[in-house]
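For reference, the structure is listed below as structure tokens.
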Amino acid sequence: MKICIDFINEFKSEVYSPEKYTRLQLRIQEVIGIELISIRKAINQLVKMGFINSFLASYQKESVEYLNARTNRKRNTILSKIVYSYSSFNKSINEDSKLHQLNFLINTLVEVGKLSKEDIIALMLVDIDHIKKGYLTKIELNHYVIIANQINFIERKYNQIGYLTNLLRKLDDIVFVSNELYFTEDAKQIFGENLEITTRKRNPYLHLIYKNQLKEESFSIYEDEKCMVEQLSYPTLIASHIKPFIKSNEDEAYDPNNGILLSRNIDSLFDLGYITFRDNGEIIFATHLKQDVKDFITNYSLDNRFINAKRLEYLEYHRNEVFEKRYKYA
């Protein structure tokens, strides 16, 4: 980055041209000694992240502060400001853009409280230029997730968001807990102060088996994969833990009795403790749940054909330790 900034300062009066861009690449190659294709990728990454502007026109003053930062803590803080304020995935060395996708993502996180990897992928479908308020509500986000699943967008992109998630992990006051993105302060309130323990990763294969067992259980009752509360065949169903994953030991974490197959809306309410279930499956509503939501789901219940002795133990934990508690910090 320092080579780019020095080059921009030296030739700031010269208009952009392919020849000027080539000279920058050759200068970097002379210093670092790597292939030109890798240099072009690195320059474009600096542009997309917001450190330098398209057409080598200028750079952010914060970029110099980033280079001169004496500590990693200060460097990460400056990085967070640059990425939030100036980054755009539509930018390149020869194309400018005012669309700030990460800004939109973080504003959506402010609104909804947490984002799963599916949510983050679905946000790639949003034409943010037409969302004037600058974020999505939970209902709007769920709509895009459904669309993304219908066109297999999530499956196609799931393994391609490593760069984005790695970038998000570097930003100040944001943390992934069990593959879901939170603001650090919210995560500490929900999961406890020691996030090094609570951020343990799920075993992808064991989790897949766990979800498949819940799907098979649903199929055995309905001859289809349906939400165990709404009894509807949503394109996306969540293998929702009753006792939260981060509070479970290894046996509990992948015990299908510690799970119920839910729609995204019901899972969100259940996961954050806005609702829970009596031993007969009847829904119990949290005090602060809005009345229109209560009215909408009041006639639903957890199908009692899925209630067994082991699930009753987990449901008791949820009523005592999750219900009316987690949402206060989310």
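Residues in the structure tokens are named by chain (A, B, ... in the order shown) and by number from 1 within that chain; ligands are numbered from 1 in the order shown.
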
DSSP-assigned strand (DSSP E or B) members of region 151-193 of chain A, reported as a PyMOL selection string:
chain A and resi 174-177+180-183

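Residues lying within 12 Å of Asn212 (chain A), counting only C-alpha atoms and ignoring same-chain neighbours fewer than 4 positions away, are Tyr205, Leu206, His207, Leu208, Glu216, Glu217, Ser218, Phe219, Glu225, Leu237, Ile238, Ala239, Tyr254, Asp255, Pro256, Gly259, Ile260 and Leu261 of chain A.
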
Near region 40-46 of chain A, within 12 Å and counting only C-alpha atoms, which residues show up once chain neighbours fewer than 5 positions away are dropped, as a ChimeraX atom specification?
/A:1-5,21-26,28-29,34-35,51-56,59-60,63,79,82-83,86-96,163-164,167

What separation in Å, quoted to one decimal, exists between CA of Asn72 (chain A) and CA of Asp186 (chain A)?
23.1 Å

So, with only C-alpha atoms as the atoms that count, which of A:Lys117, A:Lys20, A:Lys133, A:Lys310 lies closest to Ile242 (chain A)?
A:Lys310

Quick check for you: according to DSSP on this backbone, which residues of region 110-295 of chain A are classed as helix (DSSP H, G or I)? Reply as a short mmCIF file (atom, residue, chain, number, x, y, z; two decimals) with N, CA, C and O atoms, in the first residue's frame.
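Saved result, selection.cif, follows:
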data_model
loop_
_atom_site.label_atom_id
_atom_site.label_comp_id
_atom_site.auth_asym_id
_atom_site.auth_seq_id
_atom_site.Cartn_x
_atom_site.Cartn_y
_atom_site.Cartn_z
N VAL A 110 -27.22 -3.96 12.78
CA VAL A 110 -27.77 -3.09 13.83
C VAL A 110 -29.27 -3.34 13.97
O VAL A 110 -29.81 -3.42 15.08
N GLU A 111 -29.96 -3.48 12.84
CA GLU A 111 -31.42 -3.64 12.85
C GLU A 111 -31.86 -5.00 13.35
O GLU A 111 -32.80 -5.11 14.14
N VAL A 112 -31.20 -6.08 12.90
CA VAL A 112 -31.71 -7.44 13.19
C VAL A 112 -31.00 -8.13 14.34
O VAL A 112 -31.48 -9.14 14.85
N LYS A 117 -24.52 -16.96 8.16
CA LYS A 117 -23.83 -16.95 6.86
C LYS A 117 -24.84 -16.94 5.72
O LYS A 117 -24.61 -16.32 4.68
N GLU A 118 -25.97 -17.61 5.91
CA GLU A 118 -27.03 -17.57 4.89
C GLU A 118 -27.53 -16.15 4.70
O GLU A 118 -27.76 -15.71 3.57
N ASP A 119 -27.71 -15.41 5.80
CA ASP A 119 -28.15 -14.02 5.71
C ASP A 119 -27.14 -13.19 4.92
O ASP A 119 -27.51 -12.38 4.06
N ILE A 120 -25.85 -13.38 5.25
CA ILE A 120 -24.80 -12.59 4.61
C ILE A 120 -24.77 -12.87 3.11
O ILE A 120 -24.63 -11.95 2.29
N ILE A 121 -24.92 -14.14 2.73
CA ILE A 121 -24.94 -14.48 1.30
C ILE A 121 -26.16 -13.88 0.63
O ILE A 121 -26.08 -13.33 -0.47
N ALA A 122 -27.31 -13.97 1.29
CA ALA A 122 -28.55 -13.42 0.71
C ALA A 122 -28.44 -11.92 0.49
O ALA A 122 -29.02 -11.37 -0.46
N LEU A 123 -27.69 -11.22 1.34
CA LEU A 123 -27.51 -9.78 1.17
C LEU A 123 -26.83 -9.44 -0.14
O LEU A 123 -26.96 -8.32 -0.65
N ILE A 128 -28.77 -2.58 -3.28
CA ILE A 128 -28.81 -1.64 -2.16
C ILE A 128 -29.03 -0.21 -2.61
O ILE A 128 -29.45 0.64 -1.82
N ASP A 129 -28.81 0.07 -3.87
CA ASP A 129 -29.04 1.42 -4.39
C ASP A 129 -30.52 1.80 -4.31
O ASP A 129 -30.87 2.98 -4.30
N HIS A 130 -31.40 0.77 -4.25
CA HIS A 130 -32.84 1.03 -4.21
C HIS A 130 -33.42 0.88 -2.80
O HIS A 130 -34.63 1.01 -2.61
N LYS A 138 -35.78 -7.60 9.49
CA LYS A 138 -35.71 -9.06 9.58
C LYS A 138 -36.64 -9.72 8.56
O LYS A 138 -36.26 -10.70 7.90
N ILE A 139 -37.83 -9.20 8.39
CA ILE A 139 -38.78 -9.77 7.43
C ILE A 139 -38.24 -9.64 6.01
O ILE A 139 -38.31 -10.58 5.21
N GLU A 140 -37.69 -8.47 5.69
CA GLU A 140 -37.12 -8.26 4.36
C GLU A 140 -35.93 -9.20 4.12
O GLU A 140 -35.79 -9.77 3.04
N LEU A 141 -35.10 -9.36 5.13
CA LEU A 141 -33.94 -10.25 5.01
C LEU A 141 -34.38 -11.68 4.78
O LEU A 141 -33.84 -12.39 3.92
N ASN A 142 -35.38 -12.14 5.54
CA ASN A 142 -35.90 -13.49 5.35
C ASN A 142 -36.41 -13.70 3.93
O ASN A 142 -36.26 -14.78 3.35
N HIS A 143 -37.03 -12.67 3.37
CA HIS A 143 -37.53 -12.74 1.99
C HIS A 143 -36.39 -13.01 1.02
O HIS A 143 -36.51 -13.87 0.13
N TYR A 144 -35.27 -12.32 1.20
CA TYR A 144 -34.13 -12.53 0.31
C TYR A 144 -33.49 -13.90 0.52
O TYR A 144 -32.99 -14.51 -0.43
N VAL A 145 -33.50 -14.38 1.76
CA VAL A 145 -32.95 -15.72 2.02
C VAL A 145 -33.77 -16.78 1.29
O VAL A 145 -33.23 -17.72 0.71
N ILE A 146 -35.10 -16.63 1.32
CA ILE A 146 -35.98 -17.58 0.62
C ILE A 146 -35.68 -17.57 -0.88
O ILE A 146 -35.54 -18.62 -1.52
N ILE A 147 -35.55 -16.37 -1.44
CA ILE A 147 -35.23 -16.26 -2.87
C ILE A 147 -33.88 -16.90 -3.17
O ILE A 147 -33.72 -17.66 -4.14
N ALA A 148 -32.89 -16.61 -2.32
CA ALA A 148 -31.54 -17.15 -2.52
C ALA A 148 -31.54 -18.67 -2.50
O ALA A 148 -30.83 -19.31 -3.28
N ASN A 149 -32.34 -19.26 -1.62
CA ASN A 149 -32.44 -20.72 -1.57
C ASN A 149 -33.16 -21.27 -2.79
O ASN A 149 -32.78 -22.32 -3.32
N GLN A 150 -34.18 -20.58 -3.24
CA GLN A 150 -34.95 -21.05 -4.39
C GLN A 150 -34.11 -21.11 -5.66
O GLN A 150 -34.31 -21.98 -6.51
N PHE A 153 -28.68 -19.96 -4.80
CA PHE A 153 -27.62 -18.96 -4.69
C PHE A 153 -26.76 -19.21 -3.46
O PHE A 153 -25.53 -19.08 -3.50
N ILE A 154 -27.40 -19.58 -2.34
CA ILE A 154 -26.65 -19.80 -1.11
C ILE A 154 -25.71 -20.99 -1.25
O ILE A 154 -24.55 -20.95 -0.86
N GLU A 155 -26.21 -22.06 -1.86
CA GLU A 155 -25.38 -23.26 -2.04
C GLU A 155 -24.17 -22.94 -2.93
O GLU A 155 -23.06 -23.41 -2.68
N ARG A 156 -24.40 -22.12 -3.97
CA ARG A 156 -23.31 -21.80 -4.90
C ARG A 156 -22.27 -20.89 -4.27
O ARG A 156 -21.08 -20.99 -4.56
N LYS A 157 -22.70 -20.02 -3.38
CA LYS A 157 -21.81 -19.01 -2.83
C LYS A 157 -21.25 -19.37 -1.46
O LYS A 157 -20.35 -18.66 -0.97
N TYR A 158 -21.76 -20.44 -0.84
CA TYR A 158 -21.43 -20.70 0.56
C TYR A 158 -19.92 -20.82 0.78
O TYR A 158 -19.39 -20.35 1.79
N ASN A 159 -19.24 -21.46 -0.15
CA ASN A 159 -17.80 -21.65 0.02
C ASN A 159 -16.98 -20.50 -0.54
O ASN A 159 -15.75 -20.54 -0.52
N GLN A 160 -17.66 -19.46 -1.05
CA GLN A 160 -16.95 -18.35 -1.68
C GLN A 160 -16.95 -17.08 -0.83
O GLN A 160 -16.52 -16.03 -1.29
N GLY A 162 -15.41 -16.77 2.09
CA GLY A 162 -14.31 -16.78 3.05
C GLY A 162 -13.63 -15.43 3.16
O GLY A 162 -13.31 -14.97 4.27
N TYR A 163 -13.41 -14.76 2.02
CA TYR A 163 -12.76 -13.45 2.04
C TYR A 163 -13.59 -12.46 2.85
O TYR A 163 -13.05 -11.71 3.68
N LEU A 164 -14.90 -12.45 2.62
CA LEU A 164 -15.77 -11.50 3.31
C LEU A 164 -15.80 -11.77 4.81
O LEU A 164 -15.68 -10.84 5.62
N THR A 165 -15.96 -13.04 5.20
CA THR A 165 -16.03 -13.34 6.63
C THR A 165 -14.69 -13.07 7.31
O THR A 165 -14.65 -12.59 8.45
N ASN A 166 -13.59 -13.33 6.61
CA ASN A 166 -12.27 -13.01 7.17
C ASN A 166 -12.12 -11.51 7.39
O ASN A 166 -11.55 -11.06 8.39
N LEU A 167 -12.64 -10.72 6.45
CA LEU A 167 -12.59 -9.27 6.60
C LEU A 167 -13.44 -8.82 7.77
O LEU A 167 -13.03 -7.98 8.58
N LEU A 168 -14.64 -9.39 7.90
CA LEU A 168 -15.52 -9.02 9.00
C LEU A 168 -14.89 -9.35 10.35
O LEU A 168 -15.07 -8.60 11.33
N ARG A 169 -14.16 -10.45 10.42
CA ARG A 169 -13.50 -10.83 11.67
C ARG A 169 -12.44 -9.82 12.11
O ARG A 169 -12.08 -9.75 13.28
N LYS A 170 -11.93 -9.03 11.16
CA LYS A 170 -10.89 -8.05 11.48
C LYS A 170 -11.47 -6.72 11.98
O LYS A 170 -10.72 -5.88 12.48
N THR A 184 -19.88 -7.31 19.30
CA THR A 184 -19.21 -7.96 20.42
C THR A 184 -19.92 -7.72 21.74
O THR A 184 -20.08 -8.64 22.55
N GLU A 185 -20.38 -6.49 21.96
CA GLU A 185 -21.04 -6.18 23.22
C GLU A 185 -22.33 -6.99 23.38
O GLU A 185 -22.62 -7.51 24.46
N ASP A 186 -23.09 -7.12 22.30
CA ASP A 186 -24.31 -7.94 22.34
C ASP A 186 -23.95 -9.40 22.63
O ASP A 186 -24.61 -10.07 23.43
N ALA A 187 -22.90 -9.89 21.95
CA ALA A 187 -22.50 -11.29 22.14
C ALA A 187 -22.08 -11.56 23.58
O ALA A 187 -22.41 -12.60 24.15
N LYS A 188 -21.38 -10.62 24.19
CA LYS A 188 -20.96 -10.80 25.58
C LYS A 188 -22.17 -10.83 26.51
O LYS A 188 -22.19 -11.60 27.48
N GLN A 189 -23.16 -10.00 26.22
CA GLN A 189 -24.37 -9.99 27.05
C GLN A 189 -25.15 -11.29 26.91
O GLN A 189 -25.69 -11.81 27.89
N ILE A 190 -25.18 -11.83 25.70
CA ILE A 190 -25.94 -13.05 25.45
C ILE A 190 -25.18 -14.29 25.90
O ILE A 190 -25.73 -15.17 26.57
N PHE A 191 -23.89 -14.36 25.54
CA PHE A 191 -23.14 -15.60 25.73
C PHE A 191 -22.16 -15.57 26.90
O PHE A 191 -21.55 -16.59 27.21
N LEU A 195 -15.73 -14.91 25.44
CA LEU A 195 -16.13 -15.30 24.08
C LEU A 195 -15.16 -16.29 23.46
O LEU A 195 -15.49 -16.95 22.49
N GLU A 196 -13.96 -16.41 24.00
CA GLU A 196 -13.02 -17.41 23.46
C GLU A 196 -13.58 -18.81 23.64
O GLU A 196 -13.31 -19.71 22.86
N ILE A 197 -14.36 -19.00 24.71
CA ILE A 197 -14.99 -20.30 24.93
C ILE A 197 -16.25 -20.44 24.09
O ILE A 197 -16.49 -21.43 23.43
N THR A 198 -17.06 -19.37 24.07
CA THR A 198 -18.37 -19.47 23.42
C THR A 198 -18.28 -19.43 21.90
O THR A 198 -19.25 -19.74 21.23
N PRO A 204 -18.96 -29.23 11.08
CA PRO A 204 -19.90 -29.17 9.96
C PRO A 204 -20.56 -30.51 9.65
O PRO A 204 -21.75 -30.57 9.34
N TYR A 205 -19.79 -31.59 9.74
CA TYR A 205 -20.34 -32.90 9.39
C TYR A 205 -21.33 -33.38 10.44
O TYR A 205 -22.42 -33.86 10.10
N LEU A 206 -20.98 -33.21 11.73
CA LEU A 206 -21.90 -33.62 12.79
C LEU A 206 -23.17 -32.77 12.77
O LEU A 206 -24.27 -33.27 13.03
N HIS A 207 -23.01 -31.50 12.44
CA HIS A 207 -24.20 -30.64 12.37
C HIS A 207 -25.10 -31.05 11.20
O HIS A 207 -26.33 -31.01 11.31
N LEU A 208 -24.49 -31.45 10.09
CA LEU A 208 -25.27 -31.92 8.94
C LEU A 208 -26.06 -33.18 9.32
O LEU A 208 -27.25 -33.30 8.98
N ILE A 209 -25.41 -34.10 10.02
CA ILE A 209 -26.10 -35.31 10.48
C ILE A 209 -27.25 -34.95 11.42
O ILE A 209 -28.36 -35.48 11.31
N TYR A 210 -26.96 -34.04 12.34
CA TYR A 210 -27.97 -33.56 13.30
C TYR A 210 -29.20 -33.00 12.57
O TYR A 210 -30.35 -33.35 12.88
N LYS A 211 -28.97 -32.16 11.56
CA LYS A 211 -30.08 -31.57 10.82
C LYS A 211 -30.82 -32.63 10.00
O LYS A 211 -32.06 -32.62 9.92
N ASN A 212 -30.07 -33.55 9.41
CA ASN A 212 -30.71 -34.61 8.62
C ASN A 212 -31.61 -35.50 9.49
O ASN A 212 -32.67 -35.95 9.05
N GLN A 213 -31.18 -35.71 10.74
CA GLN A 213 -32.02 -36.51 11.65
C GLN A 213 -33.34 -35.80 11.94
O GLN A 213 -34.39 -36.44 12.01
N LEU A 214 -33.28 -34.48 12.09
CA LEU A 214 -34.51 -33.72 12.32
C LEU A 214 -35.40 -33.74 11.07
O LEU A 214 -36.63 -33.84 11.18
N LYS A 215 -34.79 -33.64 9.91
CA LYS A 215 -35.56 -33.72 8.67
C LYS A 215 -36.24 -35.08 8.53
O LYS A 215 -37.42 -35.16 8.13
N GLU A 216 -35.50 -36.14 8.85
CA GLU A 216 -36.07 -37.48 8.77
C GLU A 216 -37.22 -37.65 9.75
O GLU A 216 -38.24 -38.29 9.45
N GLU A 217 -37.07 -37.07 10.94
CA GLU A 217 -38.12 -37.15 11.94
C GLU A 217 -39.37 -36.43 11.45
O GLU A 217 -40.50 -36.92 11.61
N SER A 218 -39.18 -35.27 10.85
CA SER A 218 -40.31 -34.53 10.28
C SER A 218 -40.97 -35.33 9.16
O SER A 218 -42.20 -35.43 9.08
N PHE A 219 -40.15 -35.92 8.30
CA PHE A 219 -40.68 -36.70 7.18
C PHE A 219 -41.48 -37.90 7.67
O PHE A 219 -42.50 -38.27 7.07
N SER A 220 -41.05 -38.49 8.78
CA SER A 220 -41.75 -39.67 9.30
C SER A 220 -43.17 -39.33 9.76
O SER A 220 -44.05 -40.19 9.77
N ILE A 221 -43.41 -38.07 10.12
CA ILE A 221 -44.73 -37.64 10.57
C ILE A 221 -45.55 -37.06 9.43
O ILE A 221 -46.73 -37.39 9.24
N TYR A 222 -44.92 -36.19 8.64
CA TYR A 222 -45.66 -35.43 7.63
C TYR A 222 -45.48 -35.98 6.21
O TYR A 222 -46.12 -35.47 5.28
N PHE A 245 -26.50 -24.03 21.45
CA PHE A 245 -25.29 -24.78 21.09
C PHE A 245 -24.12 -24.43 21.99
O PHE A 245 -23.39 -25.32 22.45
N ILE A 246 -23.93 -23.14 22.28
CA ILE A 246 -22.75 -22.74 23.05
C ILE A 246 -22.88 -23.11 24.52
O ILE A 246 -21.89 -23.06 25.26
N LYS A 247 -24.06 -23.49 24.96
CA LYS A 247 -24.26 -23.93 26.35
C LYS A 247 -24.26 -25.46 26.45
O LYS A 247 -24.32 -26.02 27.55
N GLU A 250 -20.65 -31.71 24.17
CA GLU A 250 -20.54 -32.33 22.85
C GLU A 250 -21.70 -33.27 22.55
O GLU A 250 -22.18 -33.35 21.41
N ASP A 251 -22.18 -34.00 23.54
CA ASP A 251 -23.30 -34.91 23.32
C ASP A 251 -24.59 -34.14 23.07
O ASP A 251 -25.36 -34.47 22.17
N GLU A 252 -24.81 -33.10 23.86
CA GLU A 252 -26.04 -32.31 23.72
C GLU A 252 -26.05 -31.52 22.41
O GLU A 252 -27.11 -31.34 21.79
N ALA A 253 -24.88 -31.05 21.98
CA ALA A 253 -24.80 -30.19 20.80
C ALA A 253 -25.31 -30.87 19.54
O ALA A 253 -25.87 -30.21 18.66
N PRO A 256 -30.24 -34.99 18.41
CA PRO A 256 -31.43 -34.51 17.70
C PRO A 256 -32.59 -34.18 18.62
O PRO A 256 -33.47 -33.39 18.25
N ASN A 257 -32.61 -34.78 19.84
CA ASN A 257 -33.66 -34.42 20.79
C ASN A 257 -33.49 -33.00 21.32
O ASN A 257 -34.43 -32.42 21.86
N ASN A 258 -32.28 -32.44 21.15
CA ASN A 258 -32.03 -31.05 21.53
C ASN A 258 -32.29 -30.12 20.35
O ASN A 258 -31.75 -29.03 20.28
N ARG A 264 -37.70 -19.92 9.65
CA ARG A 264 -36.77 -18.88 10.10
C ARG A 264 -37.42 -17.93 11.09
O ARG A 264 -36.79 -17.50 12.07
N ASN A 265 -38.68 -17.57 10.86
CA ASN A 265 -39.35 -16.64 11.78
C ASN A 265 -39.54 -17.24 13.16
O ASN A 265 -39.27 -16.60 14.18
N ILE A 266 -40.01 -18.48 13.21
CA ILE A 266 -40.23 -19.13 14.50
C ILE A 266 -38.88 -19.37 15.19
O ILE A 266 -38.74 -19.18 16.40
N ASP A 267 -37.87 -19.78 14.40
CA ASP A 267 -36.54 -19.99 14.98
C ASP A 267 -36.00 -18.71 15.62
O ASP A 267 -35.43 -18.75 16.72
N SER A 268 -36.17 -17.58 14.93
CA SER A 268 -35.66 -16.32 15.47
C SER A 268 -36.31 -15.99 16.81
O SER A 268 -35.64 -15.59 17.76
N LEU A 269 -37.62 -16.17 16.89
CA LEU A 269 -38.34 -15.89 18.14
C LEU A 269 -37.92 -16.87 19.24
O LEU A 269 -37.73 -16.48 20.40
N PHE A 270 -37.76 -18.13 18.88
CA PHE A 270 -37.40 -19.16 19.85
C PHE A 270 -35.95 -18.99 20.31
O PHE A 270 -35.65 -19.09 21.51
N ASP A 271 -35.06 -18.73 19.36
CA ASP A 271 -33.64 -18.61 19.66
C ASP A 271 -33.37 -17.45 20.61
O ASP A 271 -32.51 -17.55 21.50
N GLN A 291 -47.88 -7.40 20.13
CA GLN A 291 -49.17 -8.07 20.11
C GLN A 291 -49.51 -8.61 18.72
O GLN A 291 -50.11 -9.69 18.59
N ASP A 292 -49.11 -7.89 17.65
CA ASP A 292 -49.45 -8.37 16.31
C ASP A 292 -48.75 -9.69 16.00
O ASP A 292 -49.30 -10.55 15.30
N VAL A 293 -47.53 -9.86 16.54
CA VAL A 293 -46.82 -11.13 16.35
C VAL A 293 -47.51 -12.24 17.14
O VAL A 293 -47.70 -13.35 16.64
N LYS A 294 -47.90 -11.92 18.37
CA LYS A 294 -48.62 -12.90 19.18
C LYS A 294 -49.89 -13.36 18.46
O LYS A 294 -50.19 -14.56 18.39
N ASP A 295 -50.63 -12.39 17.92
CA ASP A 295 -51.89 -12.71 17.24
C ASP A 295 -51.65 -13.61 16.02
O ASP A 295 -52.45 -14.51 15.73
#

Tell me, as a count of residues only, which residues lie within 10 Å of Thr287 (chain A), counting only C-alpha atoms; anything in the same chain fewer than 5 positions away does not count.
3

List the neighbours of Glu65 (chain A) out to 10 Å using only C-alpha atoms; skip same-chain residues closer than 2 positions along the sequence, and give me the result as an mmCIF file with N, CA, C and O atoms, in the first residue's frame.
data_model
loop_
_atom_site.group_PDB
_atom_site.id
_atom_site.type_symbol
_atom_site.label_atom_id
_atom_site.label_comp_id
_atom_site.auth_asym_id
_atom_site.auth_seq_id
_atom_site.Cartn_x
_atom_site.Cartn_y
_atom_site.Cartn_z
ATOM 1 N N GLN A 60 -7.393 7.602 0.880
ATOM 2 C CA GLN A 60 -7.974 8.166 2.100
ATOM 3 C C GLN A 60 -6.853 8.604 3.047
ATOM 4 O O GLN A 60 -5.826 7.924 3.142
ATOM 5 N N LYS A 61 -7.076 9.688 3.765
ATOM 6 C CA LYS A 61 -6.072 10.131 4.746
ATOM 7 C C LYS A 61 -5.876 9.072 5.830
ATOM 8 O O LYS A 61 -4.789 8.933 6.401
ATOM 9 N N GLU A 62 -6.942 8.293 6.074
ATOM 10 C CA GLU A 62 -6.841 7.225 7.073
ATOM 11 C C GLU A 62 -5.882 6.117 6.637
ATOM 12 O O GLU A 62 -5.360 5.376 7.478
ATOM 13 N N SER A 63 -5.643 6.020 5.311
ATOM 14 C CA SER A 63 -4.716 4.998 4.827
ATOM 15 C C SER A 63 -3.305 5.261 5.334
ATOM 16 O O SER A 63 -2.567 4.331 5.672
ATOM 17 N N LEU A 67 -0.952 2.970 7.927
ATOM 18 C CA LEU A 67 0.449 2.590 7.727
ATOM 19 C C LEU A 67 1.310 2.990 8.923
ATOM 20 O O LEU A 67 2.264 2.283 9.271
ATOM 21 N N ASN A 68 0.976 4.112 9.554
ATOM 22 C CA ASN A 68 1.801 4.632 10.642
ATOM 23 C C ASN A 68 1.374 4.142 12.020
ATOM 24 O O ASN A 68 2.025 4.478 13.019
ATOM 25 N N ALA A 69 0.293 3.355 12.080
ATOM 26 C CA ALA A 69 -0.205 2.876 13.380
ATOM 27 C C ALA A 69 0.853 2.016 14.068
ATOM 28 O O ALA A 69 1.469 1.148 13.441
ATOM 29 N N ARG A 70 1.024 2.236 15.366
ATOM 30 C CA ARG A 70 2.061 1.537 16.113
ATOM 31 C C ARG A 70 1.576 0.229 16.731
ATOM 32 O O ARG A 70 2.376 -0.615 17.132
ATOM 33 N N LYS A 74 -4.838 -0.216 17.160
ATOM 34 C CA LYS A 74 -5.124 1.024 16.440
ATOM 35 C C LYS A 74 -5.315 0.740 14.954
ATOM 36 O O LYS A 74 -6.194 1.320 14.304
ATOM 37 N N ARG A 75 -4.495 -0.161 14.423
ATOM 38 C CA ARG A 75 -4.600 -0.495 12.996
ATOM 39 C C ARG A 75 -5.974 -1.093 12.676
ATOM 40 O O ARG A 75 -6.586 -0.758 11.659
ATOM 41 N N ILE A 78 -8.635 1.677 12.647
ATOM 42 C CA ILE A 78 -8.580 2.468 11.405
ATOM 43 C C ILE A 78 -9.135 1.658 10.241
ATOM 44 O O ILE A 78 -9.876 2.177 9.397
ATOM 45 N N LEU A 79 -8.779 0.359 10.187
ATOM 46 C CA LEU A 79 -9.321 -0.523 9.150
ATOM 47 C C LEU A 79 -10.842 -0.532 9.190
ATOM 48 O O LEU A 79 -11.507 -0.439 8.142
#
